[in-house]
file run04.cif (mmCIF, C-alpha atoms)
data_data
loop_
_atom_site.group_PDB
_atom_site.id
_atom_site.type_symbol
_atom_site.label_atom_id
_atom_site.label_comp_id
_atom_site.auth_asym_id
_atom_site.auth_seq_id
_atom_site.Cartn_x
_atom_site.Cartn_y
_atom_site.Cartn_z
ATOM 1 C CA MET A 1 279.246 135.418 -74.771
ATOM 2 C CA VAL A 2 277.917 133.114 -72.040
ATOM 3 C CA THR A 3 277.278 134.950 -68.764
ATOM 4 C CA ALA A 4 280.014 134.813 -66.150
ATOM 5 C CA TYR A 5 277.599 133.145 -63.718
ATOM 6 C CA ALA A 6 276.742 130.429 -66.252
ATOM 7 C CA VAL A 7 280.448 129.678 -66.727
ATOM 8 C CA ALA A 8 281.197 129.659 -62.986
ATOM 9 C CA ALA A 9 278.176 127.444 -62.336
ATOM 10 C CA THR A 10 279.723 124.665 -64.473
ATOM 11 C CA VAL A 11 282.869 124.346 -62.328
ATOM 12 C CA THR A 12 282.854 121.096 -60.374
ATOM 13 C CA ASP A 13 283.887 120.476 -56.803
ATOM 14 C CA PRO A 14 287.335 118.813 -56.669
ATOM 15 C CA GLU A 15 286.300 116.433 -53.874
ATOM 16 C CA LEU A 16 282.780 115.675 -55.123
ATOM 17 C CA PRO A 17 283.187 115.936 -58.911
ATOM 18 C CA MET A 18 279.586 114.913 -59.594
ATOM 19 C CA LEU A 19 278.559 118.299 -58.128
ATOM 20 C CA THR A 20 279.118 121.772 -59.477
ATOM 21 C CA LEU A 21 280.012 124.532 -57.051
ATOM 22 C CA ALA A 22 276.474 125.821 -57.649
ATOM 23 C CA ASP A 23 274.990 122.385 -56.745
ATOM 24 C CA LEU A 24 277.089 122.354 -53.584
ATOM 25 C CA GLY A 25 275.967 125.851 -52.643
ATOM 26 C CA VAL A 26 279.460 127.300 -52.286
ATOM 27 C CA LEU A 27 279.073 129.557 -55.349
ATOM 28 C CA ARG A 28 277.563 132.614 -53.692
ATOM 29 C CA GLU A 29 277.713 135.406 -56.238
ATOM 30 C CA VAL A 30 279.174 136.293 -59.620
ATOM 31 C CA SER A 31 279.282 139.913 -60.743
ATOM 32 C CA GLU A 32 281.164 142.182 -63.089
ATOM 33 C CA GLU A 33 282.880 145.147 -61.451
ATOM 34 C CA ASP A 34 285.097 147.639 -63.274
ATOM 35 C CA GLY A 35 285.711 145.292 -66.210
ATOM 36 C CA ARG A 36 286.567 142.251 -64.131
ATOM 37 C CA VAL A 37 284.556 139.272 -62.937
ATOM 38 C CA VAL A 38 284.238 138.935 -59.171
ATOM 39 C CA VAL A 39 283.224 135.534 -57.818
ATOM 40 C CA ALA A 40 282.281 134.943 -54.180
ATOM 41 C CA ILE A 41 282.576 131.447 -52.743
ATOM 42 C CA THR A 42 282.072 130.064 -49.239
ATOM 43 C CA PRO A 43 284.117 127.108 -47.971
ATOM 44 C CA THR A 44 282.216 124.089 -46.716
ATOM 45 C CA TYR A 45 284.251 124.379 -43.514
ATOM 46 C CA THR A 46 287.127 126.487 -42.209
ATOM 47 C CA GLY A 47 290.399 125.267 -43.621
ATOM 48 C CA CYS A 48 288.809 123.329 -46.492
ATOM 49 C CA PRO A 49 291.807 122.162 -48.558
ATOM 50 C CA ALA A 50 289.798 122.301 -51.798
ATOM 51 C CA MET A 51 289.459 126.103 -51.743
ATOM 52 C CA ASP A 52 292.672 126.732 -53.707
ATOM 53 C CA THR A 53 291.605 124.266 -56.381
ATOM 54 C CA MET A 54 288.114 125.778 -56.548
ATOM 55 C CA ARG A 55 289.638 129.225 -56.969
ATOM 56 C CA ASP A 56 292.051 128.043 -59.690
ATOM 57 C CA ASP A 57 289.285 126.154 -61.534
ATOM 58 C CA LEU A 58 286.998 129.203 -61.470
ATOM 59 C CA VAL A 59 289.735 131.487 -62.820
ATOM 60 C CA HIS A 60 290.651 128.940 -65.521
ATOM 61 C CA ALA A 61 287.020 128.447 -66.624
ATOM 62 C CA LEU A 62 286.248 132.170 -66.751
ATOM 63 C CA THR A 63 289.445 133.234 -68.522
ATOM 64 C CA GLY A 64 288.975 130.321 -70.922
ATOM 65 C CA ALA A 65 285.496 131.686 -71.700
ATOM 66 C CA GLY A 66 286.983 135.053 -72.620
ATOM 67 C CA TYR A 67 286.751 136.969 -69.375
ATOM 68 C CA GLY A 68 289.992 138.895 -68.844
ATOM 69 C CA GLU A 69 290.436 139.605 -65.177
ATOM 70 C CA VAL A 70 288.900 137.326 -62.550
ATOM 71 C CA GLU A 71 288.910 137.819 -58.794
ATOM 72 C CA VAL A 72 287.690 135.093 -56.443
ATOM 73 C CA ARG A 73 286.692 136.226 -52.974
ATOM 74 C CA THR A 74 286.112 134.017 -49.961
ATOM 75 C CA VAL A 75 282.950 134.829 -48.009
ATOM 76 C CA LEU A 76 282.797 133.341 -44.512
ATOM 77 C CA GLN A 77 279.468 134.670 -43.279
ATOM 78 C CA PRO A 78 277.001 133.248 -43.137
ATOM 79 C CA ALA A 79 278.799 129.946 -42.682
ATOM 80 C CA TRP A 80 278.054 127.297 -45.292
ATOM 81 C CA SER A 81 275.499 124.649 -44.435
ATOM 82 C CA THR A 82 274.637 121.348 -46.075
ATOM 83 C CA ASP A 83 271.159 122.855 -46.415
ATOM 84 C CA TRP A 84 272.656 124.898 -49.277
ATOM 85 C CA ILE A 85 273.153 121.779 -51.409
ATOM 86 C CA THR A 86 270.486 121.934 -54.100
ATOM 87 C CA GLU A 87 267.903 119.178 -54.559
ATOM 88 C CA ASP A 88 269.601 118.404 -57.879
ATOM 89 C CA GLY A 89 272.911 118.158 -56.016
ATOM 90 C CA LYS A 90 271.442 115.744 -53.461
ATOM 91 C CA ARG A 91 270.068 113.623 -56.306
ATOM 92 C CA LYS A 92 273.497 113.578 -57.991
ATOM 93 C CA LEU A 93 275.144 112.478 -54.728
ATOM 94 C CA ALA A 94 272.693 109.590 -54.323
ATOM 95 C CA GLU A 95 273.174 108.553 -57.960
ATOM 96 C CA ALA A 96 276.933 108.449 -57.299
ATOM 97 C CA GLY A 97 276.396 106.153 -54.289
ATOM 98 C CA ILE A 98 276.920 108.850 -51.646
ATOM 99 C CA ALA A 99 274.132 109.389 -49.136
ATOM 100 C CA PRO A 100 273.103 113.056 -49.222
ATOM 101 C CA PRO A 101 272.753 114.961 -45.979
ATOM 102 C CA GLY A 102 269.468 115.444 -44.190
ATOM 103 C CA ALA A 103 268.450 118.759 -42.688
ATOM 104 C CA ALA A 104 271.225 120.476 -40.774
ATOM 105 C CA PRO A 105 270.710 120.908 -37.027
ATOM 106 C CA ARG A 106 269.376 124.300 -35.958
ATOM 107 C CA ARG A 107 270.994 125.812 -32.895
ATOM 108 C CA THR A 108 270.942 129.142 -31.168
ATOM 109 C CA GLY A 109 273.241 130.160 -28.354
ATOM 110 C CA PRO A 110 276.118 128.052 -27.089
ATOM 111 C CA ILE A 111 276.700 124.700 -28.761
ATOM 112 C CA PRO A 112 276.673 121.920 -26.169
ATOM 113 C CA LEU A 113 279.684 119.625 -25.976
ATOM 114 C CA THR A 114 278.718 115.978 -26.217
ATOM 115 C CA LEU A 115 281.172 113.109 -26.130
ATOM 116 C CA SER A 116 278.889 110.546 -27.703
ATOM 117 C CA PRO A 117 278.717 110.181 -31.476
ATOM 118 C CA PRO A 118 275.824 111.882 -33.212
ATOM 119 C CA VAL A 119 272.811 109.703 -33.871
ATOM 120 C CA SER A 120 271.428 109.916 -37.359
ATOM 121 C CA SER A 121 269.297 107.791 -39.614
ATOM 122 C CA VAL A 122 270.925 107.556 -43.013
ATOM 123 C CA ARG A 123 269.394 105.619 -45.885
ATOM 124 C CA CYS A 124 271.628 103.443 -48.019
ATOM 125 C CA PRO A 125 272.001 105.066 -51.454
ATOM 126 C CA ASN A 126 272.320 101.583 -53.015
ATOM 127 C CA CYS A 127 269.223 99.763 -51.711
ATOM 128 C CA GLY A 128 267.316 102.432 -49.756
ATOM 129 C CA SER A 129 267.418 100.626 -46.400
ATOM 130 C CA ALA A 130 267.468 102.783 -43.264
ATOM 131 C CA ASP A 131 269.303 99.997 -41.400
ATOM 132 C CA THR A 132 272.799 101.474 -41.687
ATOM 133 C CA GLU A 133 275.673 101.981 -39.275
ATOM 134 C CA GLU A 134 278.552 104.397 -39.093
ATOM 135 C CA GLN A 135 281.928 102.729 -39.569
ATOM 136 C CA SER A 136 284.067 105.855 -39.278
ATOM 137 C CA ARG A 137 283.125 109.464 -38.481
ATOM 138 C CA PHE A 138 285.550 110.558 -41.214
ATOM 139 C CA SER A 139 285.919 109.227 -44.739
ATOM 140 C CA ALA A 140 287.950 110.425 -47.733
ATOM 141 C CA THR A 141 287.184 114.020 -46.713
ATOM 142 C CA ALA A 142 286.318 115.551 -43.342
ATOM 143 C CA CYS A 143 282.791 116.398 -44.483
ATOM 144 C CA LYS A 144 281.896 112.750 -45.143
ATOM 145 C CA ALA A 145 281.444 109.727 -42.873
ATOM 146 C CA LEU A 146 281.905 106.082 -43.858
ATOM 147 C CA ARG A 147 278.813 103.931 -43.302
ATOM 148 C CA ARG A 148 277.702 100.375 -44.074
ATOM 149 C CA CYS A 149 274.270 99.072 -44.894
ATOM 150 C CA ARG A 150 273.228 96.176 -42.667
ATOM 151 C CA PHE A 151 270.760 94.999 -45.327
ATOM 152 C CA CYS A 152 272.811 94.894 -48.551
ATOM 153 C CA LEU A 153 276.159 95.006 -46.660
ATOM 154 C CA GLU A 154 277.564 97.643 -49.025
ATOM 155 C CA PRO A 155 279.797 100.383 -47.618
ATOM 156 C CA PHE A 156 279.018 103.955 -48.637
ATOM 157 C CA GLU A 157 279.902 107.523 -47.803
ATOM 158 C CA HIS A 158 277.502 110.018 -46.253
ATOM 159 C CA VAL A 159 277.834 113.790 -46.477
ATOM 160 C CA LYS A 160 277.465 114.848 -42.839
ATOM 161 C CA GLU A 161 274.910 117.460 -41.847
ATOM 162 C CA ILE A 162 276.628 120.740 -41.042
#
call {"tool": "encode", "arguments": {"input": "run04.cif", "output": "structure tokens"}}
result
Amino acid sequence: MVTAYAVAATVTDPELPMLTLADLGVLREVSEEDGRVVVAITPTYTGCPAMDTMRDDLVHALTGAGYGEVEVRTVLQPAWSTDWITEDGKRKLAEAGIAPPGAAPRRTGPIPLTLSPPVSSVRCPNCGSADTEEQSRFSATACKALRRCRFCLEPFEHVKEI
């Protein structure tokens, strides 16, 4: 029988189907306790609407692989960060035409409130140009922004650094 972790690691993200939950870094732990599989996942942000689908897909994949009882737990600490996306995951995003995130900002103490939009340099996943502009802070999902390349003029999504 394939290990429970190996099965869980094949489940894809419902909003970014080119990534597995392992690529995305939300798959935290898979263990067997008292005859059941226990999976720990962390949402990409509080209130992520994909969590129910992730949970259902994990249960379906594991029971389909022969595991009887499956429990999926949500782990909120530490909070998920885009730094948890694997290098393979970032490559898959770029290959799908989505600009992967850069390094997440590091902060300690209170988070300052700024009213200006964040400034970031994002390379176009189509042509590689750094001459891009943000069109909308939010795209198809809250964790992505819509950008446009000023060089090739193609629009693209960017996974925001969190």
call {"tool": "resolve_selection", "arguments": {"input": "run04.cif", "expression": "the PyMOL selection byres ((chain A and resi 78) around 12)", "output": "number ranges by chain"}}
result
A: 26, 28, 41-45, 74-77, 79-81, 84
call {"tool": "closest_atom_pairs", "arguments": {"input": "run04.cif", "of": "stretch 21-131 of chain A", "to": "stretch 148-151 of chain A", "cutoff": "10 Å", "atoms": "all atoms listed in the file", "output": "tab-separated table"}}
result
residue	atom	partner	partner_atom	distance
A:Val122	CA	A:Cys149	CA	9.3
A:Arg123	CA	A:Cys149	CA	8.2
A:Cys124	CA	A:Cys149	CA	6.0
A:Pro125	CA	A:Cys149	CA	9.2
A:Asn126	CA	A:Cys149	CA	8.7
A:Cys127	CA	A:Phe151	CA	8.1
A:Gly128	CA	A:Cys149	CA	9.1
A:Ser129	CA	A:Phe151	CA	6.6
A:Ala130	CA	A:Cys149	CA	7.9
A:Asp131	CA	A:Arg150	CA	5.6
call {"tool": "atom_distance", "arguments": {"input": "run04.cif", "atom1": "atom CA of A:Thr20", "atom2": "atom CA of A:Thr141"}}
result
17.0 Å
call {"tool": "residues_around", "arguments": {"input": "run04.cif", "residues": "A:Gly35", "least_positions_apart": "6", "cutoff": "10 Å", "atoms": "all atoms listed in the file", "output": "list of chain:residue names"}}
result
A:Tyr67, A:Gly68, A:Glu69, A:Val70
call {"tool": "atom_distance", "arguments": {"input": "run04.cif", "atom1": "atom CA of A:Gly25", "atom2": "atom CA of A:Ile85"}}
result
5.1 Å
call {"tool": "atom_distance", "arguments": {"input": "run04.cif", "atom1": "atom CA of A:Leu19", "atom2": "atom CA of A:Pro101"}}
result
13.9 Å
call {"tool": "residues_around", "arguments": {"input": "run04.cif", "residues": "A:Ala50", "least_positions_apart": "2", "cutoff": "12 Å", "atoms": "all atoms listed in the file", "output": "PyMOL selection string"}}
result
chain A and resi 12-17+21+26+41-48+52-57+141-143
call {"tool": "closest_residue", "arguments": {"input": "run04.cif", "among": "A:Leu62, A:Asp23, A:Pro49, A:His158", "to": "A:Thr3", "atoms": "all atoms listed in the file"}}
result
A:Leu62
call {"tool": "closest_residue", "arguments": {"input": "run04.cif", "among": "A:Ala8, A:Arg107, A:Ala40, A:Ala94", "to": "A:Gly64", "atoms": "all atoms listed in the file"}}
result
A:Ala8
call {"tool": "closest_residue", "arguments": {"input": "run04.cif", "among": "A:Ala6, A:Ala96, A:Ala145, A:Ala22", "to": "A:Ser120", "atoms": "only C-alpha atoms"}}
result
A:Ala145
call {"tool": "closest_residue", "arguments": {"input": "run04.cif", "among": "A:Cys152, A:Leu27, A:Val7, A:Ile162", "to": "A:Arg106", "atoms": "all atoms listed in the file"}}
result
A:Ile162
call {"tool": "axis_aligned_box", "arguments": {"input": "run04.cif", "around": "stretch 71-74 of chain A", "padding_each_side": "8 Å", "output": "lines of an AutoDock Vina configuration file"}}
result
center_x = 287.5
center_y = 135.9
center_z = -54.4
size_x = 18.8
size_y = 19.8
size_z = 24.8
call {"tool": "resolve_selection", "arguments": {"input": "run04.cif", "expression": "the PyMOL selection byres ((chain A and resi 138) around 12)", "output": "list in words"}}
result
Pro117, Glu134, Gln135, Ser136, Arg137, Ser139, Ala140, Thr141, Ala142, Cys143, Lys144, Ala145, Leu146, Arg147, Phe156, Glu157, His158, Val159 and Lys160 of chain A
